[in-house]
Amino acid sequence: METPAIPDNEPQRLCSLHELHMMDTPAEERFDRITLIARRLFGMPIAYIALVDANRQWFKSAIGLPVPETSRDISFCGHTVMKNDTLIIPDTHKDARFADNPQVTGEPHIRFYAGQPLKGPGGFPVGTFCVADRIPHEFTESDLATLRDLAAIVERELNLAEALELQNQLRLAKEMAESANRAKSSFLANMSHELRTPMNAIIGYSEMLIEDAQDLEQTETVNDLEKIRSAGKHLLGLINDILDLSKIEAGKMTLHLESFPVVNTIREVADTIQPLVQKNANHLELHCAPDLGSMKADMTKVRQTLFNLLSNASKFTEKGMLTLHALREETNGEAWIIFRVRDTGIGMTEEQIGRLFQEFSQAETSTMRRFGGTGLGLAISRKFCRMMGGDITVESQLGCGSEFTVRLPSEVTVRE
């Protein structure tokens with residue numbers, strides 16, 4: 001008897017086999033059906049699907065075999081795997097490699113064997129699809145084609161199982177990542193609350209001390225205290241951004257819908273943003289359509305979105321023009337409120353626009369170093385708009401400024 005040789009690519013072949021996650025698994029109807037069809041087509045009592053690992057051949061499906069596995073050393077399939085091609089043995093008694101094989105001299109008394117390699121991930125042979133008989137046979141070209149066709153079906157099913165296993169692993173990994181992300185968001189929300197309370201106290205006490213210092217005409221002290229208050233407000237703004245983002249990601253952000261005049265909200269935002277506009281010697285113009293009227297939405301989130309857009313426009317524009325256009329339009333019978341914030345600032349490339357709305361991202365690293373900020377404002381603003389059934393889009397050209405368009409329903413409804 002000739003023991004099957006070990007292929008040169010044995011380590012890779014075994015890795016391919018293990019990637020299938022198929023060894024020692026329960027019987028499956030999809031494989032048993034194929035072996036049953038093979039027995040009927042060929043009129044032979046034995047048909048099986050064998051997977052060959054380092055020391056054994058194990059039968060994923062078998063008809064006419066008395067055991068669930070055998071040693072690799074006495075396996076016909078070991079030779080098929082080594083050959084990596086169809087192996088036909090018309091009469092084992094006349095083949096010196098198999099004449100004294102225990103599977104020939106004893107059960108199941110194999111006289112004829114035909115095996116086709118089955119390939120796993122990477123194209124490595126991991127097993128065989130076989131038919132066998134207890135009497136000699138001649139295998140025709142038609143028989144060979146049928147064997148290969150059935151083997152191709154088995155091979156597809158084996159690799160489908162591997163793909164399904166990979167898909168399941170990806171699903172579990174996604175669920176774990178989402179769970180970790182929710183835990184992170186919850187932690188950030190709690191921490192932001194804890195940080196916001198003492199920060200508000202610092203700002204409040206600094207304002208009280210500024211008033212006292214002004215009464216005492218302590219100019220230098222007032223300047224120092226104003227720096228403390230300014231830094232505190234900046235830090236509080238960052239904390240609020242992180243809190244908003246973490247609430248959205250944790251699914252805890254809610255909408256508080258109310259009706260309000262759009263023009264009044266725009267003017268309030270414009271008054272608030274004026275110090276930032278003037279800081280870079282910019283000029284802000286408001287253009288509100290006469291039929292703008294009222295809208296039903298989360299006024300705080302609308303105001304924060306407009307403030308973020310005008311704040312960015314002020315930051316990235318020097319000695320330029322900022323404009324806020326607001327209008328009402330009808331689309332398919334539905335009323336929308338449109339806000340357009342345009343600047344004459346530094347503008348952006350297509351690549352920069354592509355990552356503009358990502359959390360903790362700005363157009364590029366040098367921009368963050370030059371202009372500061374966390375890169376959260378636009379991401380939060382877009383999430384706010386989408387929560388209200390709208391969106392933010394942008395058009396920009398490097399060196400020629402940018403235009404951000406906010407589109408919101410005039411009557412926002414809470415989506416289930």
# chains A, B, ... in the order shown; residues from 1 in each chain; ligands from 1

$ select_by_dssp --residues "region 181-292 of chain A" --states "helix (DSSP H, G or I)" --output "PDB file with N, CA and C atoms, in the first residue's frame"
ATOM      1  N   ASN A 181     -19.524  51.753  21.382  1.00  0.00           N
ATOM      2  CA  ASN A 181     -19.724  53.156  21.025  1.00  0.00           C
ATOM      3  C   ASN A 181     -20.819  53.783  21.881  1.00  0.00           C
ATOM      4  N   ARG A 182     -21.886  53.006  22.131  1.00  0.00           N
ATOM      5  CA  ARG A 182     -22.956  53.516  23.002  1.00  0.00           C
ATOM      6  C   ARG A 182     -22.447  53.730  24.423  1.00  0.00           C
ATOM      7  N   ALA A 183     -21.611  52.798  24.902  1.00  0.00           N
ATOM      8  CA  ALA A 183     -21.045  52.951  26.244  1.00  0.00           C
ATOM      9  C   ALA A 183     -20.151  54.182  26.306  1.00  0.00           C
ATOM     10  N   LYS A 184     -19.362  54.402  25.230  1.00  0.00           N
ATOM     11  CA  LYS A 184     -18.509  55.588  25.182  1.00  0.00           C
ATOM     12  C   LYS A 184     -19.343  56.862  25.197  1.00  0.00           C
ATOM     13  N   SER A 185     -20.413  56.860  24.405  1.00  0.00           N
ATOM     14  CA  SER A 185     -21.260  58.046  24.328  1.00  0.00           C
ATOM     15  C   SER A 185     -21.921  58.336  25.668  1.00  0.00           C
ATOM     16  N   SER A 186     -22.376  57.260  26.337  1.00  0.00           N
ATOM     17  CA  SER A 186     -22.996  57.444  27.646  1.00  0.00           C
ATOM     18  C   SER A 186     -21.986  57.998  28.653  1.00  0.00           C
ATOM     19  N   PHE A 187     -20.761  57.476  28.593  1.00  0.00           N
ATOM     20  CA  PHE A 187     -19.718  57.971  29.502  1.00  0.00           C
ATOM     21  C   PHE A 187     -19.422  59.445  29.238  1.00  0.00           C
ATOM     22  N   LEU A 188     -19.291  59.802  27.947  1.00  0.00           N
ATOM     23  CA  LEU A 188     -19.009  61.198  27.618  1.00  0.00           C
ATOM     24  C   LEU A 188     -20.139  62.114  28.057  1.00  0.00           C
ATOM     25  N   ALA A 189     -21.382  61.641  27.886  1.00  0.00           N
ATOM     26  CA  ALA A 189     -22.519  62.463  28.304  1.00  0.00           C
ATOM     27  C   ALA A 189     -22.481  62.710  29.810  1.00  0.00           C
ATOM     28  N   ASN A 190     -22.214  61.656  30.567  1.00  0.00           N
ATOM     29  CA  ASN A 190     -22.159  61.807  32.029  1.00  0.00           C
ATOM     30  C   ASN A 190     -20.996  62.702  32.441  1.00  0.00           C
ATOM     31  N   MET A 191     -19.829  62.486  31.820  1.00  0.00           N
ATOM     32  CA  MET A 191     -18.665  63.300  32.165  1.00  0.00           C
ATOM     33  C   MET A 191     -18.880  64.766  31.798  1.00  0.00           C
ATOM     34  N   SER A 192     -19.528  64.988  30.651  1.00  0.00           N
ATOM     35  CA  SER A 192     -19.776  66.366  30.233  1.00  0.00           C
ATOM     36  C   SER A 192     -20.662  67.085  31.226  1.00  0.00           C
ATOM     37  N   HIS A 193     -21.658  66.376  31.761  1.00  0.00           N
ATOM     38  CA  HIS A 193     -22.511  66.976  32.783  1.00  0.00           C
ATOM     39  C   HIS A 193     -21.687  67.351  34.015  1.00  0.00           C
ATOM     40  N   GLU A 194     -20.819  66.432  34.398  1.00  0.00           N
ATOM     41  CA  GLU A 194     -20.008  66.668  35.600  1.00  0.00           C
ATOM     42  C   GLU A 194     -19.051  67.834  35.387  1.00  0.00           C
ATOM     43  N   LEU A 195     -18.541  67.978  34.166  1.00  0.00           N
ATOM     44  CA  LEU A 195     -17.598  69.075  33.885  1.00  0.00           C
ATOM     45  C   LEU A 195     -18.316  70.415  33.718  1.00  0.00           C
ATOM     46  N   ARG A 196     -19.538  70.374  33.207  1.00  0.00           N
ATOM     47  CA  ARG A 196     -20.237  71.616  32.907  1.00  0.00           C
ATOM     48  C   ARG A 196     -20.618  72.392  34.177  1.00  0.00           C
ATOM     49  N   THR A 197     -20.964  71.679  35.227  1.00  0.00           N
ATOM     50  CA  THR A 197     -21.378  72.353  36.468  1.00  0.00           C
ATOM     51  C   THR A 197     -20.264  73.207  37.065  1.00  0.00           C
ATOM     52  N   PRO A 198     -19.060  72.655  37.303  1.00  0.00           N
ATOM     53  CA  PRO A 198     -17.991  73.515  37.844  1.00  0.00           C
ATOM     54  C   PRO A 198     -17.534  74.586  36.846  1.00  0.00           C
ATOM     55  N   MET A 199     -17.643  74.311  35.540  1.00  0.00           N
ATOM     56  CA  MET A 199     -17.230  75.310  34.562  1.00  0.00           C
ATOM     57  C   MET A 199     -18.171  76.520  34.593  1.00  0.00           C
ATOM     58  N   ASN A 200     -19.473  76.258  34.738  1.00  0.00           N
ATOM     59  CA  ASN A 200     -20.422  77.362  34.876  1.00  0.00           C
ATOM     60  C   ASN A 200     -20.128  78.180  36.131  1.00  0.00           C
ATOM     61  N   ALA A 201     -19.704  77.489  37.191  1.00  0.00           N
ATOM     62  CA  ALA A 201     -19.365  78.189  38.437  1.00  0.00           C
ATOM     63  C   ALA A 201     -18.140  79.088  38.226  1.00  0.00           C
ATOM     64  N   ILE A 202     -17.142  78.578  37.518  1.00  0.00           N
ATOM     65  CA  ILE A 202     -15.933  79.372  37.238  1.00  0.00           C
ATOM     66  C   ILE A 202     -16.295  80.624  36.446  1.00  0.00           C
ATOM     67  N   ILE A 203     -17.138  80.453  35.409  1.00  0.00           N
ATOM     68  CA  ILE A 203     -17.543  81.601  34.596  1.00  0.00           C
ATOM     69  C   ILE A 203     -18.324  82.598  35.439  1.00  0.00           C
ATOM     70  N   GLY A 204     -19.251  82.095  36.252  1.00  0.00           N
ATOM     71  CA  GLY A 204     -20.057  82.975  37.096  1.00  0.00           C
ATOM     72  C   GLY A 204     -19.224  83.757  38.089  1.00  0.00           C
ATOM     73  N   TYR A 205     -18.302  83.083  38.770  1.00  0.00           N
ATOM     74  CA  TYR A 205     -17.450  83.769  39.754  1.00  0.00           C
ATOM     75  C   TYR A 205     -16.522  84.767  39.061  1.00  0.00           C
ATOM     76  N   SER A 206     -16.020  84.409  37.862  1.00  0.00           N
ATOM     77  CA  SER A 206     -15.137  85.354  37.149  1.00  0.00           C
ATOM     78  C   SER A 206     -15.894  86.625  36.780  1.00  0.00           C
ATOM     79  N   GLU A 207     -17.176  86.499  36.398  1.00  0.00           N
ATOM     80  CA  GLU A 207     -17.971  87.676  36.059  1.00  0.00           C
ATOM     81  C   GLU A 207     -18.230  88.538  37.298  1.00  0.00           C
ATOM     82  N   MET A 208     -18.447  87.894  38.431  1.00  0.00           N
ATOM     83  CA  MET A 208     -18.631  88.650  39.678  1.00  0.00           C
ATOM     84  C   MET A 208     -17.353  89.401  40.048  1.00  0.00           C
ATOM     85  N   LEU A 209     -16.206  88.722  39.902  1.00  0.00           N
ATOM     86  CA  LEU A 209     -14.928  89.356  40.237  1.00  0.00           C
ATOM     87  C   LEU A 209     -14.605  90.492  39.267  1.00  0.00           C
ATOM     88  N   ILE A 210     -15.013  90.339  37.983  1.00  0.00           N
ATOM     89  CA  ILE A 210     -14.802  91.420  37.013  1.00  0.00           C
ATOM     90  C   ILE A 210     -15.568  92.665  37.440  1.00  0.00           C
ATOM     91  N   GLU A 211     -16.803  92.468  37.852  1.00  0.00           N
ATOM     92  CA  GLU A 211     -17.603  93.613  38.310  1.00  0.00           C
ATOM     93  C   GLU A 211     -16.960  94.289  39.517  1.00  0.00           C
ATOM     94  N   ASP A 212     -16.483  93.477  40.463  1.00  0.00           N
ATOM     95  CA  ASP A 212     -15.832  94.049  41.652  1.00  0.00           C
ATOM     96  C   ASP A 212     -14.561  94.802  41.263  1.00  0.00           C
ATOM     97  N   ALA A 213     -13.767  94.220  40.368  1.00  0.00           N
ATOM     98  CA  ALA A 213     -12.514  94.858  39.953  1.00  0.00           C
ATOM     99  C   ALA A 213     -12.788  96.149  39.186  1.00  0.00           C
ATOM    100  N   GLN A 214     -13.853  96.146  38.380  1.00  0.00           N
ATOM    101  CA  GLN A 214     -14.214  97.375  37.660  1.00  0.00           C
ATOM    102  C   GLN A 214     -14.623  98.479  38.625  1.00  0.00           C
ATOM    103  N   ASP A 215     -15.363  98.108  39.672  1.00  0.00           N
ATOM    104  CA  ASP A 215     -15.763  99.100  40.681  1.00  0.00           C
ATOM    105  C   ASP A 215     -14.544  99.685  41.381  1.00  0.00           C
ATOM    106  N   THR A 219      -7.690  97.859  36.550  1.00  0.00           N
ATOM    107  CA  THR A 219      -7.709  97.543  35.114  1.00  0.00           C
ATOM    108  C   THR A 219      -6.963  96.249  34.786  1.00  0.00           C
ATOM    109  N   GLU A 220      -5.764  96.087  35.348  1.00  0.00           N
ATOM    110  CA  GLU A 220      -4.975  94.886  35.043  1.00  0.00           C
ATOM    111  C   GLU A 220      -5.694  93.627  35.521  1.00  0.00           C
ATOM    112  N   THR A 221      -6.292  93.724  36.688  1.00  0.00           N
ATOM    113  CA  THR A 221      -7.024  92.570  37.217  1.00  0.00           C
ATOM    114  C   THR A 221      -8.221  92.242  36.334  1.00  0.00           C
ATOM    115  N   VAL A 222      -8.917  93.288  35.858  1.00  0.00           N
ATOM    116  CA  VAL A 222     -10.058  93.058  34.969  1.00  0.00           C
ATOM    117  C   VAL A 222      -9.620  92.323  33.709  1.00  0.00           C
ATOM    118  N   ASN A 223      -8.510  92.725  33.124  1.00  0.00           N
ATOM    119  CA  ASN A 223      -8.016  92.063  31.913  1.00  0.00           C
ATOM    120  C   ASN A 223      -7.717  90.585  32.157  1.00  0.00           C
ATOM    121  N   ASP A 224      -7.083  90.292  33.277  1.00  0.00           N
ATOM    122  CA  ASP A 224      -6.775  88.898  33.608  1.00  0.00           C
ATOM    123  C   ASP A 224      -8.047  88.089  33.830  1.00  0.00           C
ATOM    124  N   LEU A 225      -9.015  88.688  34.529  1.00  0.00           N
ATOM    125  CA  LEU A 225     -10.272  87.982  34.804  1.00  0.00           C
ATOM    126  C   LEU A 225     -11.071  87.751  33.518  1.00  0.00           C
ATOM    127  N   GLU A 226     -10.997  88.698  32.594  1.00  0.00           N
ATOM    128  CA  GLU A 226     -11.694  88.518  31.322  1.00  0.00           C
ATOM    129  C   GLU A 226     -11.088  87.375  30.513  1.00  0.00           C
ATOM    130  N   LYS A 227      -9.767  87.183  30.629  1.00  0.00           N
ATOM    131  CA  LYS A 227      -9.117  86.045  29.975  1.00  0.00           C
ATOM    132  C   LYS A 227      -9.615  84.735  30.582  1.00  0.00           C
ATOM    133  N   ILE A 228      -9.781  84.729  31.915  1.00  0.00           N
ATOM    134  CA  ILE A 228     -10.297  83.531  32.585  1.00  0.00           C
ATOM    135  C   ILE A 228     -11.718  83.238  32.114  1.00  0.00           C
ATOM    136  N   ARG A 229     -12.557  84.291  32.063  1.00  0.00           N
ATOM    137  CA  ARG A 229     -13.942  84.101  31.628  1.00  0.00           C
ATOM    138  C   ARG A 229     -13.994  83.634  30.170  1.00  0.00           C
ATOM    139  N   SER A 230     -13.160  84.245  29.321  1.00  0.00           N
ATOM    140  CA  SER A 230     -13.146  83.864  27.906  1.00  0.00           C
ATOM    141  C   SER A 230     -12.713  82.413  27.731  1.00  0.00           C
ATOM    142  N   ALA A 231     -11.666  82.019  28.459  1.00  0.00           N
ATOM    143  CA  ALA A 231     -11.199  80.623  28.365  1.00  0.00           C
ATOM    144  C   ALA A 231     -12.255  79.667  28.903  1.00  0.00           C
ATOM    145  N   GLY A 232     -12.933  80.061  29.977  1.00  0.00           N
ATOM    146  CA  GLY A 232     -13.989  79.227  30.543  1.00  0.00           C
ATOM    147  C   GLY A 232     -15.144  79.040  29.586  1.00  0.00           C
ATOM    148  N   LYS A 233     -15.547  80.114  28.906  1.00  0.00           N
ATOM    149  CA  LYS A 233     -16.632  80.014  27.942  1.00  0.00           C
ATOM    150  C   LYS A 233     -16.234  79.152  26.746  1.00  0.00           C
ATOM    151  N   HIS A 234     -14.976  79.277  26.324  1.00  0.00           N
ATOM    152  CA  HIS A 234     -14.499  78.446  25.222  1.00  0.00           C
ATOM    153  C   HIS A 234     -14.550  76.968  25.602  1.00  0.00           C
ATOM    154  N   LEU A 235     -14.062  76.662  26.808  1.00  0.00           N
ATOM    155  CA  LEU A 235     -14.069  75.274  27.272  1.00  0.00           C
ATOM    156  C   LEU A 235     -15.496  74.776  27.450  1.00  0.00           C
ATOM    157  N   LEU A 236     -16.382  75.633  27.948  1.00  0.00           N
ATOM    158  CA  LEU A 236     -17.776  75.231  28.109  1.00  0.00           C
ATOM    159  C   LEU A 236     -18.409  74.925  26.749  1.00  0.00           C
ATOM    160  N   GLY A 237     -18.049  75.700  25.733  1.00  0.00           N
ATOM    161  CA  GLY A 237     -18.552  75.428  24.394  1.00  0.00           C
ATOM    162  C   GLY A 237     -18.114  74.062  23.886  1.00  0.00           C
ATOM    163  N   LEU A 238     -16.861  73.714  24.148  1.00  0.00           N
ATOM    164  CA  LEU A 238     -16.362  72.398  23.734  1.00  0.00           C
ATOM    165  C   LEU A 238     -17.093  71.284  24.483  1.00  0.00           C
ATOM    166  N   ILE A 239     -17.291  71.494  25.780  1.00  0.00           N
ATOM    167  CA  ILE A 239     -18.007  70.494  26.590  1.00  0.00           C
ATOM    168  C   ILE A 239     -19.419  70.307  26.067  1.00  0.00           C
ATOM    169  N   ASN A 240     -20.094  71.422  25.715  1.00  0.00           N
ATOM    170  CA  ASN A 240     -21.455  71.334  25.197  1.00  0.00           C
ATOM    171  C   ASN A 240     -21.501  70.575  23.874  1.00  0.00           C
ATOM    172  N   ASP A 241     -20.492  70.805  23.020  1.00  0.00           N
ATOM    173  CA  ASP A 241     -20.440  70.083  21.747  1.00  0.00           C
ATOM    174  C   ASP A 241     -20.301  68.576  21.977  1.00  0.00           C
ATOM    175  N   ILE A 242     -19.404  68.200  22.878  1.00  0.00           N
ATOM    176  CA  ILE A 242     -19.198  66.777  23.174  1.00  0.00           C
ATOM    177  C   ILE A 242     -20.465  66.178  23.768  1.00  0.00           C
ATOM    178  N   LEU A 243     -21.139  66.936  24.642  1.00  0.00           N
ATOM    179  CA  LEU A 243     -22.375  66.455  25.247  1.00  0.00           C
ATOM    180  C   LEU A 243     -23.445  66.239  24.177  1.00  0.00           C
ATOM    181  N   ASP A 244     -23.588  67.182  23.258  1.00  0.00           N
ATOM    182  CA  ASP A 244     -24.585  67.040  22.196  1.00  0.00           C
ATOM    183  C   ASP A 244     -24.296  65.817  21.329  1.00  0.00           C
ATOM    184  N   LEU A 245     -23.038  65.668  20.922  1.00  0.00           N
ATOM    185  CA  LEU A 245     -22.675  64.549  20.056  1.00  0.00           C
ATOM    186  C   LEU A 245     -22.902  63.217  20.760  1.00  0.00           C
ATOM    187  N   SER A 246     -22.499  63.131  22.025  1.00  0.00           N
ATOM    188  CA  SER A 246     -22.657  61.878  22.757  1.00  0.00           C
ATOM    189  C   SER A 246     -24.129  61.545  22.967  1.00  0.00           C
ATOM    190  N   LYS A 247     -24.962  62.548  23.170  1.00  0.00           N
ATOM    191  CA  LYS A 247     -26.397  62.302  23.313  1.00  0.00           C
ATOM    192  C   LYS A 247     -26.989  61.768  22.012  1.00  0.00           C
ATOM    193  N   ILE A 248     -26.583  62.354  20.897  1.00  0.00           N
ATOM    194  CA  ILE A 248     -27.084  61.894  19.601  1.00  0.00           C
ATOM    195  C   ILE A 248     -26.676  60.446  19.372  1.00  0.00           C
ATOM    196  N   GLU A 249     -25.411  60.125  19.598  1.00  0.00           N
ATOM    197  CA  GLU A 249     -24.916  58.769  19.352  1.00  0.00           C
ATOM    198  C   GLU A 249     -25.540  57.767  20.303  1.00  0.00           C
ATOM    199  N   VAL A 262     -39.454  82.871  12.135  1.00  0.00           N
ATOM    200  CA  VAL A 262     -38.103  82.587  11.652  1.00  0.00           C
ATOM    201  C   VAL A 262     -37.240  83.845  11.665  1.00  0.00           C
ATOM    202  N   VAL A 263     -37.807  84.995  11.282  1.00  0.00           N
ATOM    203  CA  VAL A 263     -37.027  86.237  11.217  1.00  0.00           C
ATOM    204  C   VAL A 263     -36.479  86.598  12.593  1.00  0.00           C
ATOM    205  N   ASN A 264     -37.299  86.453  13.634  1.00  0.00           N
ATOM    206  CA  ASN A 264     -36.840  86.792  14.992  1.00  0.00           C
ATOM    207  C   ASN A 264     -35.637  85.940  15.390  1.00  0.00           C
ATOM    208  N   THR A 265     -35.693  84.649  15.075  1.00  0.00           N
ATOM    209  CA  THR A 265     -34.583  83.755  15.418  1.00  0.00           C
ATOM    210  C   THR A 265     -33.321  84.152  14.658  1.00  0.00           C
ATOM    211  N   ILE A 266     -33.474  84.498  13.385  1.00  0.00           N
ATOM    212  CA  ILE A 266     -32.310  84.913  12.592  1.00  0.00           C
ATOM    213  C   ILE A 266     -31.670  86.155  13.187  1.00  0.00           C
ATOM    214  N   ARG A 267     -32.477  87.136  13.574  1.00  0.00           N
ATOM    215  CA  ARG A 267     -31.934  88.365  14.144  1.00  0.00           C
ATOM    216  C   ARG A 267     -31.234  88.112  15.481  1.00  0.00           C
ATOM    217  N   GLU A 268     -31.802  87.197  16.285  1.00  0.00           N
ATOM    218  CA  GLU A 268     -31.156  86.857  17.560  1.00  0.00           C
ATOM    219  C   GLU A 268     -29.780  86.239  17.323  1.00  0.00           C
ATOM    220  N   VAL A 269     -29.712  85.339  16.357  1.00  0.00           N
ATOM    221  CA  VAL A 269     -28.428  84.706  16.034  1.00  0.00           C
ATOM    222  C   VAL A 269     -27.450  85.744  15.500  1.00  0.00           C
ATOM    223  N   ALA A 270     -27.920  86.653  14.652  1.00  0.00           N
ATOM    224  CA  ALA A 270     -27.054  87.690  14.082  1.00  0.00           C
ATOM    225  C   ALA A 270     -26.492  88.596  15.166  1.00  0.00           C
ATOM    226  N   ASP A 271     -27.339  88.970  16.148  1.00  0.00           N
ATOM    227  CA  ASP A 271     -26.870  89.804  17.253  1.00  0.00           C
ATOM    228  C   ASP A 271     -25.807  89.086  18.072  1.00  0.00           C
ATOM    229  N   THR A 272     -26.018  87.798  18.295  1.00  0.00           N
ATOM    230  CA  THR A 272     -25.074  87.005  19.103  1.00  0.00           C
ATOM    231  C   THR A 272     -23.741  86.847  18.399  1.00  0.00           C
ATOM    232  N   ILE A 273     -23.789  86.695  17.063  1.00  0.00           N
ATOM    233  CA  ILE A 273     -22.574  86.386  16.302  1.00  0.00           C
ATOM    234  C   ILE A 273     -21.760  87.628  15.965  1.00  0.00           C
ATOM    235  N   GLN A 274     -22.313  88.836  16.156  1.00  0.00           N
ATOM    236  CA  GLN A 274     -21.648  90.069  15.738  1.00  0.00           C
ATOM    237  C   GLN A 274     -20.214  90.220  16.251  1.00  0.00           C
ATOM    238  N   PRO A 275     -19.922  89.921  17.528  1.00  0.00           N
ATOM    239  CA  PRO A 275     -18.528  90.042  17.988  1.00  0.00           C
ATOM    240  C   PRO A 275     -17.554  89.190  17.174  1.00  0.00           C
ATOM    241  N   LEU A 276     -17.976  87.967  16.787  1.00  0.00           N
ATOM    242  CA  LEU A 276     -17.107  87.108  15.976  1.00  0.00           C
ATOM    243  C   LEU A 276     -16.968  87.653  14.562  1.00  0.00           C
ATOM    244  N   VAL A 277     -18.039  88.207  14.027  1.00  0.00           N
ATOM    245  CA  VAL A 277     -17.993  88.794  12.691  1.00  0.00           C
ATOM    246  C   VAL A 277     -17.015  89.961  12.662  1.00  0.00           C
ATOM    247  N   GLN A 278     -17.102  90.822  13.668  1.00  0.00           N
ATOM    248  CA  GLN A 278     -16.267  92.025  13.720  1.00  0.00           C
ATOM    249  C   GLN A 278     -14.807  91.709  14.047  1.00  0.00           C
ATOM    250  N   LYS A 279     -14.583  90.583  14.715  1.00  0.00           N
ATOM    251  CA  LYS A 279     -13.224  90.215  15.113  1.00  0.00           C
ATOM    252  C   LYS A 279     -12.295  90.120  13.909  1.00  0.00           C
TER     253      LYS A 279
END

$ residues_around --residues "Phe384 (chain A)" --least-positions-apart "2" --cutoff "8 Å" --atoms "only C-alpha atoms" --output "PyMOL selection string"
chain A and resi 301-302+305+380-382+386-388

$ closest_residue --among "A:His283, A:Lys383, A:Arg342, A:Arg56" --to "Phe357 (chain A)" --atoms "only C-alpha atoms"
A:Lys383

$ residues_around --residues "Ala27 (chain A)" --least-positions-apart "3" --cutoff "10 Å" --atoms "only C-alpha atoms" --output "list in words"
Asp24, Arg30, Phe31, Asp32, Phe59, Lys60, Ser61 and Ala62 of chain A

$ write_last_selection --atoms "all heavy atoms" --output "compact mmCIF listing (two decimals), in the first residue's frame"
# COMPACT_ATOMS: atom_id res chain seq x y z
N ASP A 24 -16.02 18.24 11.68
CA ASP A 24 -16.75 17.72 12.85
C ASP A 24 -18.05 18.47 13.12
O ASP A 24 -18.49 18.58 14.27
CB ASP A 24 -15.85 17.76 14.10
CG ASP A 24 -14.59 16.94 13.92
OD1 ASP A 24 -14.70 15.76 13.56
OD2 ASP A 24 -13.48 17.49 14.13
N ARG A 30 -28.26 19.77 2.76
CA ARG A 30 -27.79 20.28 1.47
C ARG A 30 -26.64 19.43 0.92
O ARG A 30 -26.48 19.30 -0.30
CB ARG A 30 -27.37 21.74 1.59
CG ARG A 30 -26.28 22.02 2.60
CD ARG A 30 -26.13 23.50 2.87
NE ARG A 30 -25.16 23.77 3.91
CZ ARG A 30 -24.08 24.52 3.76
NH1 ARG A 30 -23.83 25.08 2.59
NH2 ARG A 30 -23.26 24.73 4.76
N PHE A 31 -25.81 18.86 1.82
CA PHE A 31 -24.72 17.99 1.36
C PHE A 31 -25.22 16.55 1.17
O PHE A 31 -24.83 15.88 0.21
CB PHE A 31 -23.57 18.02 2.36
CG PHE A 31 -22.87 19.35 2.42
CD1 PHE A 31 -22.96 20.14 3.56
CD2 PHE A 31 -22.13 19.81 1.35
CE1 PHE A 31 -22.31 21.37 3.62
CE2 PHE A 31 -21.48 21.03 1.40
CZ PHE A 31 -21.59 21.82 2.53
N ASP A 32 -26.08 16.09 2.08
CA ASP A 32 -26.61 14.72 1.97
C ASP A 32 -27.41 14.55 0.68
O ASP A 32 -27.40 13.47 0.07
CB ASP A 32 -27.49 14.40 3.17
CG ASP A 32 -26.70 14.29 4.46
OD1 ASP A 32 -25.46 14.12 4.37
OD2 ASP A 32 -27.30 14.39 5.54
N PHE A 59 -15.75 12.50 6.97
CA PHE A 59 -16.82 12.52 5.98
C PHE A 59 -17.91 13.50 6.42
O PHE A 59 -18.63 13.26 7.40
CB PHE A 59 -17.40 11.11 5.81
CG PHE A 59 -16.35 10.07 5.47
CD1 PHE A 59 -16.19 8.93 6.26
CD2 PHE A 59 -15.51 10.27 4.38
CE1 PHE A 59 -15.22 8.00 5.95
CE2 PHE A 59 -14.54 9.32 4.07
CZ PHE A 59 -14.38 8.19 4.86
N LYS A 60 -18.03 14.56 5.66
CA LYS A 60 -19.11 15.53 5.91
C LYS A 60 -20.45 14.92 5.54
O LYS A 60 -21.46 15.17 6.20
CB LYS A 60 -18.85 16.82 5.10
CG LYS A 60 -19.97 17.85 5.19
CD LYS A 60 -20.22 18.30 6.63
CE LYS A 60 -21.38 19.27 6.70
NZ LYS A 60 -21.74 19.63 8.09
N SER A 61 -20.47 14.12 4.51
CA SER A 61 -21.67 13.39 4.10
C SER A 61 -21.22 12.08 3.48
O SER A 61 -20.25 12.05 2.71
CB SER A 61 -22.48 14.22 3.09
OG SER A 61 -23.61 13.50 2.64
N ALA A 62 -21.91 11.00 3.78
CA ALA A 62 -21.47 9.70 3.25
C ALA A 62 -22.64 8.74 3.16
O ALA A 62 -23.49 8.68 4.05
CB ALA A 62 -20.37 9.11 4.13

$ residues_around --residues "Glu155 (chain A)" --least-positions-apart "6" --cutoff "12 Å" --atoms "only C-alpha atoms" --output "ChimeraX atom specification"
/A:17,20,30-31,34,49-51,116-121,123-129,148-149,161-162

$ closest_atom_pairs --of "region 255-328 of chain A" --to "region 398-412 of chain A" --cutoff "7 Å" --atoms "only C-alpha atoms" --output "tab-separated table"
residue	atom	partner	partner_atom	distance
A:Met295	CA	A:Ser410	CA	4.7
A:Lys296	CA	A:Glu411	CA	4.7
A:Ala297	CA	A:Val412	CA	5.2

$ write_last_selection --atoms "N, CA, C and O atoms" --output "PDB file, in the first residue's frame"
ATOM      1  N   MET A 295     -42.159  78.753  11.571  1.00  0.00           N
ATOM      2  CA  MET A 295     -41.923  77.337  11.345  1.00  0.00           C
ATOM      3  C   MET A 295     -42.083  76.599  12.668  1.00  0.00           C
ATOM      4  O   MET A 295     -41.938  77.194  13.747  1.00  0.00           O
ATOM      5  N   LYS A 296     -42.405  75.322  12.579  1.00  0.00           N
ATOM      6  CA  LYS A 296     -42.500  74.470  13.768  1.00  0.00           C
ATOM      7  C   LYS A 296     -41.315  73.525  13.759  1.00  0.00           C
ATOM      8  O   LYS A 296     -41.207  72.646  12.891  1.00  0.00           O
ATOM      9  N   ALA A 297     -40.409  73.730  14.700  1.00  0.00           N
ATOM     10  CA  ALA A 297     -39.186  72.929  14.763  1.00  0.00           C
ATOM     11  C   ALA A 297     -38.606  73.058  16.164  1.00  0.00           C
ATOM     12  O   ALA A 297     -39.228  73.648  17.055  1.00  0.00           O
TER      13      ALA A 297
END
